[in-house]
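Comments concern the structure below.
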Amino acid sequence: MKIKLNFKADEPTVNGRIYPKEVLKKAFDERLLNGHFFVQKYNSNDFSVKFENVFAEVKSYEIEPNSEILVDIKLLDTPIAEKFKDREFELTTSGSGVLEDDKKTISEGFIISHLFVVGGNGSE
């Protein structure tokens with residue numbers, strides 16, 4: 001199941017942050033290599049994975065020529081996964097990094113903790 005993230009590489013997000021394509025590629029590659037990469041219903045705000053909110057695992061990603069970011073997820077056998085089976089939703093990242101001098105662009109060293117559902121789509 002391919003799902004779009006709610007922001008594009010190299011373009012400002014709704015909060016004005018810019019995630020360069022190469023920084024995102026490195027962060028996604030490292031996260032995929034370092035064990036399970038989970039998708040949660042809600043963001044935990046402390047960069048931790050709350051297993052009661054996990055419903056999928058990221059298997060791969062791609063950054064399209066138009067800078068859209070798509071992730072291929074596998075729904076897991078969890079109580080809330082059924083709610084996302086036939087539903088449209090967008091995801092975003094939870095992670096940490098350092099801003100460059102322009103105070104907008106995320107620099108090298110960005111780390112992704114997990115992905116989570118954007119907006120009210122995960123709250124039903």
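Just remember, in the structure tokens the first chain shown is A, the second B, etc., residues are 1-based per chain, and ligands are 1-based in the order shown.
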Taking the backbone alone, and naming residues the way the document does, which bits of region 12-59 of chain A are strand (DSSP E or B) by DSSP, as a compact mmCIF listing (two decimals) with N, CA and C atoms, in the first residue's frame?
# COMPACT_ATOMS: atom_id res chain seq x y z
N PRO A 12 9.17 24.16 1.09
CA PRO A 12 8.75 24.47 2.46
C PRO A 12 7.51 23.67 2.88
N ILE A 18 12.31 23.17 5.41
CA ILE A 18 12.68 22.61 4.11
C ILE A 18 13.53 21.38 4.38
N PHE A 38 8.14 1.90 11.99
CA PHE A 38 6.71 1.80 12.22
C PHE A 38 5.93 3.05 11.83
N VAL A 39 4.63 2.81 11.58
CA VAL A 39 3.67 3.87 11.32
C VAL A 39 2.66 3.85 12.47
N GLN A 40 2.44 5.01 13.07
CA GLN A 40 1.53 5.12 14.20
C GLN A 40 0.30 5.94 13.84
N VAL A 54 0.55 1.56 16.85
CA VAL A 54 1.19 1.08 15.62
C VAL A 54 0.19 0.28 14.79
N PHE A 55 0.16 0.59 13.48
CA PHE A 55 -0.72 -0.18 12.60
C PHE A 55 -0.03 -0.64 11.32
N ALA A 56 1.19 -0.18 11.06
CA ALA A 56 1.87 -0.56 9.82
C ALA A 56 3.37 -0.44 9.98
N GLU A 57 4.06 -1.03 9.00
CA GLU A 57 5.52 -0.94 8.95
C GLU A 57 5.92 -0.47 7.55
N VAL A 58 6.89 0.43 7.51
CA VAL A 58 7.39 0.94 6.23
C VAL A 58 8.31 -0.11 5.62
N LYS A 59 8.06 -0.45 4.37
CA LYS A 59 8.88 -1.43 3.65
C LYS A 59 9.88 -0.75 2.71
Problem - Within 12 Å of region 73-88 of chain A using only C-alpha atoms, minus same-chain residues under 5 positions, as JSON, numbers by chain - result: {"A": [1, 2, 3, 4, 5, 32, 36, 37, 38, 39, 40, 41, 42, 51, 52, 53, 54, 55, 56, 57, 58, 59, 60, 61, 62, 115, 116, 117, 118, 120, 121, 122, 123, 124]}
For the residues in the current selection, export N, CA and C atoms as an mmCIF file, in the first residue's frame.
data_model
loop_
_atom_site.group_PDB
_atom_site.id
_atom_site.type_symbol
_atom_site.label_atom_id
_atom_site.label_comp_id
_atom_site.auth_asym_id
_atom_site.auth_seq_id
_atom_site.Cartn_x
_atom_site.Cartn_y
_atom_site.Cartn_z
ATOM 1 N N MET A 1 0.847 -1.156 0.000
ATOM 2 C CA MET A 1 0.000 0.000 0.000
ATOM 3 C C MET A 1 0.903 1.232 0.000
ATOM 4 N N LYS A 2 0.789 2.052 -1.042
ATOM 5 C CA LYS A 2 1.618 3.255 -1.134
ATOM 6 C C LYS A 2 0.845 4.455 -0.600
ATOM 7 N N ILE A 3 1.521 5.200 0.284
ATOM 8 C CA ILE A 3 0.925 6.357 0.939
ATOM 9 C C ILE A 3 1.843 7.563 0.744
ATOM 10 N N LYS A 4 1.227 8.714 0.501
ATOM 11 C CA LYS A 4 1.979 9.952 0.280
ATOM 12 C C LYS A 4 2.212 10.663 1.606
ATOM 13 N N LEU A 5 3.416 11.232 1.756
ATOM 14 C CA LEU A 5 3.679 12.095 2.894
ATOM 15 C C LEU A 5 3.057 13.469 2.630
ATOM 16 N N LEU A 32 15.446 2.528 7.565
ATOM 17 C CA LEU A 32 15.097 1.215 7.014
ATOM 18 C C LEU A 32 16.163 0.164 7.324
ATOM 19 N N HIS A 36 13.000 -2.098 12.585
ATOM 20 C CA HIS A 36 11.616 -1.820 12.210
ATOM 21 C C HIS A 36 11.353 -0.322 12.098
ATOM 22 N N PHE A 37 10.570 0.035 11.095
ATOM 23 C CA PHE A 37 10.221 1.421 10.809
ATOM 24 C C PHE A 37 8.691 1.480 10.847
ATOM 25 N N PHE A 38 8.141 1.905 11.991
ATOM 26 C CA PHE A 38 6.708 1.803 12.223
ATOM 27 C C PHE A 38 5.931 3.051 11.833
ATOM 28 N N VAL A 39 4.631 2.814 11.583
ATOM 29 C CA VAL A 39 3.665 3.873 11.322
ATOM 30 C C VAL A 39 2.657 3.846 12.465
ATOM 31 N N GLN A 40 2.439 5.007 13.075
ATOM 32 C CA GLN A 40 1.526 5.123 14.203
ATOM 33 C C GLN A 40 0.296 5.937 13.840
ATOM 34 N N LYS A 41 -0.768 5.681 14.574
ATOM 35 C CA LYS A 41 -2.005 6.442 14.419
ATOM 36 C C LYS A 41 -1.820 7.881 14.868
ATOM 37 N N TYR A 42 -1.082 8.091 15.949
ATOM 38 C CA TYR A 42 -0.836 9.418 16.509
ATOM 39 C C TYR A 42 0.662 9.636 16.673
ATOM 40 N N PHE A 51 3.396 1.226 20.960
ATOM 41 C CA PHE A 51 2.928 0.067 20.216
ATOM 42 C C PHE A 51 1.412 -0.053 20.149
ATOM 43 N N GLU A 52 0.695 0.517 21.112
ATOM 44 C CA GLU A 52 -0.767 0.476 21.035
ATOM 45 C C GLU A 52 -1.302 1.316 19.876
ATOM 46 N N ASN A 53 -0.464 2.207 19.314
ATOM 47 C CA ASN A 53 -0.860 3.051 18.182
ATOM 48 C C ASN A 53 -0.283 2.594 16.845
ATOM 49 N N VAL A 54 0.548 1.558 16.853
ATOM 50 C CA VAL A 54 1.193 1.080 15.620
ATOM 51 C C VAL A 54 0.193 0.279 14.791
ATOM 52 N N PHE A 55 0.156 0.587 13.483
ATOM 53 C CA PHE A 55 -0.721 -0.184 12.598
ATOM 54 C C PHE A 55 -0.035 -0.644 11.316
ATOM 55 N N ALA A 56 1.190 -0.180 11.060
ATOM 56 C CA ALA A 56 1.866 -0.563 9.817
ATOM 57 C C ALA A 56 3.374 -0.444 9.982
ATOM 58 N N GLU A 57 4.061 -1.034 9.002
ATOM 59 C CA GLU A 57 5.516 -0.944 8.948
ATOM 60 C C GLU A 57 5.915 -0.467 7.554
ATOM 61 N N VAL A 58 6.887 0.430 7.508
ATOM 62 C CA VAL A 58 7.386 0.936 6.229
ATOM 63 C C VAL A 58 8.307 -0.113 5.621
ATOM 64 N N LYS A 59 8.060 -0.451 4.369
ATOM 65 C CA LYS A 59 8.882 -1.430 3.652
ATOM 66 C C LYS A 59 9.880 -0.751 2.709
ATOM 67 N N SER A 60 9.466 0.380 2.119
ATOM 68 C CA SER A 60 10.348 1.109 1.199
ATOM 69 C C SER A 60 9.787 2.520 1.000
ATOM 70 N N TYR A 61 10.535 3.328 0.287
ATOM 71 C CA TYR A 61 10.098 4.693 -0.021
ATOM 72 C C TYR A 61 10.620 5.072 -1.392
ATOM 73 N N GLU A 62 10.060 6.132 -1.938
ATOM 74 C CA GLU A 62 10.587 6.713 -3.165
ATOM 75 C C GLU A 62 10.286 8.202 -3.167
ATOM 76 N N LEU A 115 6.715 7.295 11.424
ATOM 77 C CA LEU A 115 5.755 8.078 10.678
ATOM 78 C C LEU A 115 4.425 8.039 11.431
ATOM 79 N N PHE A 116 3.595 9.045 11.229
ATOM 80 C CA PHE A 116 2.271 9.032 11.844
ATOM 81 C C PHE A 116 1.253 9.697 10.935
ATOM 82 N N VAL A 117 -0.027 9.420 11.195
ATOM 83 C CA VAL A 117 -1.132 9.929 10.393
ATOM 84 C C VAL A 117 -1.305 11.427 10.657
ATOM 85 N N VAL A 118 -1.497 12.164 9.572
ATOM 86 C CA VAL A 118 -1.658 13.614 9.645
ATOM 87 C C VAL A 118 -3.122 13.970 9.901
ATOM 88 N N GLY A 120 -6.903 14.779 11.370
ATOM 89 C CA GLY A 120 -7.967 14.009 12.002
ATOM 90 C C GLY A 120 -8.181 12.613 11.431
ATOM 91 N N ASN A 121 -7.486 12.280 10.352
ATOM 92 C CA ASN A 121 -7.720 10.980 9.717
ATOM 93 C C ASN A 121 -7.417 9.802 10.618
ATOM 94 N N GLY A 122 -6.560 9.983 11.596
ATOM 95 C CA GLY A 122 -6.211 8.879 12.481
ATOM 96 C C GLY A 122 -7.017 8.835 13.747
ATOM 97 N N SER A 123 -7.871 9.841 13.962
ATOM 98 C CA SER A 123 -8.534 9.939 15.248
ATOM 99 C C SER A 123 -9.902 9.282 15.296
ATOM 100 N N GLU A 124 -10.381 8.784 14.182
ATOM 101 C CA GLU A 124 -11.717 8.164 14.182
ATOM 102 C C GLU A 124 -11.663 6.736 14.652
#
Exercise for the section: Determine, counting only C-alpha atoms, which protein, DNA and RNA residues have an atom within 10 Å of an atom of Val98 (chain A); residues of the same chain fewer than 2 positions away are not included. Present the result as a list in words. Expected result: Ser96, Glu100, Asp101, Lys103, Lys104, Thr105, Ile106, Ser107, Glu108, Gly109, Phe110 and Ile111 of chain A
Handout entry: Which residue of A:Ser113, A:Ser94, A:Asn43, A:Ser67 approaches Pro20 (chain A) most closely, using only C-alpha atoms
Key =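 When distances to Pro20 (chain A) are compared using only C-alpha atoms, the smallest one comes from A:Ser67.
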Handout entry: Interatomic distance (Å, one decimal) between CA of Val71 (chain A) and CA of Glu22 (chain A)
Key =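 These atoms are spaced 16.2 Å apart.
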Exercise for the section: Write out as a VMD selection string each polymer residue whose atoms come within 12 Å of Val14 (chain A), counting only C-alpha atoms; drop sequence neighbours fewer than 5 positions from it. Expected result: chain A and resid 6 to 8 19 92 104
Problem - Interatomic distance, CA of Gly95 (chain A) to CA of Leu24 (chain A) (Å, one decimal) - result: 11.0 Å
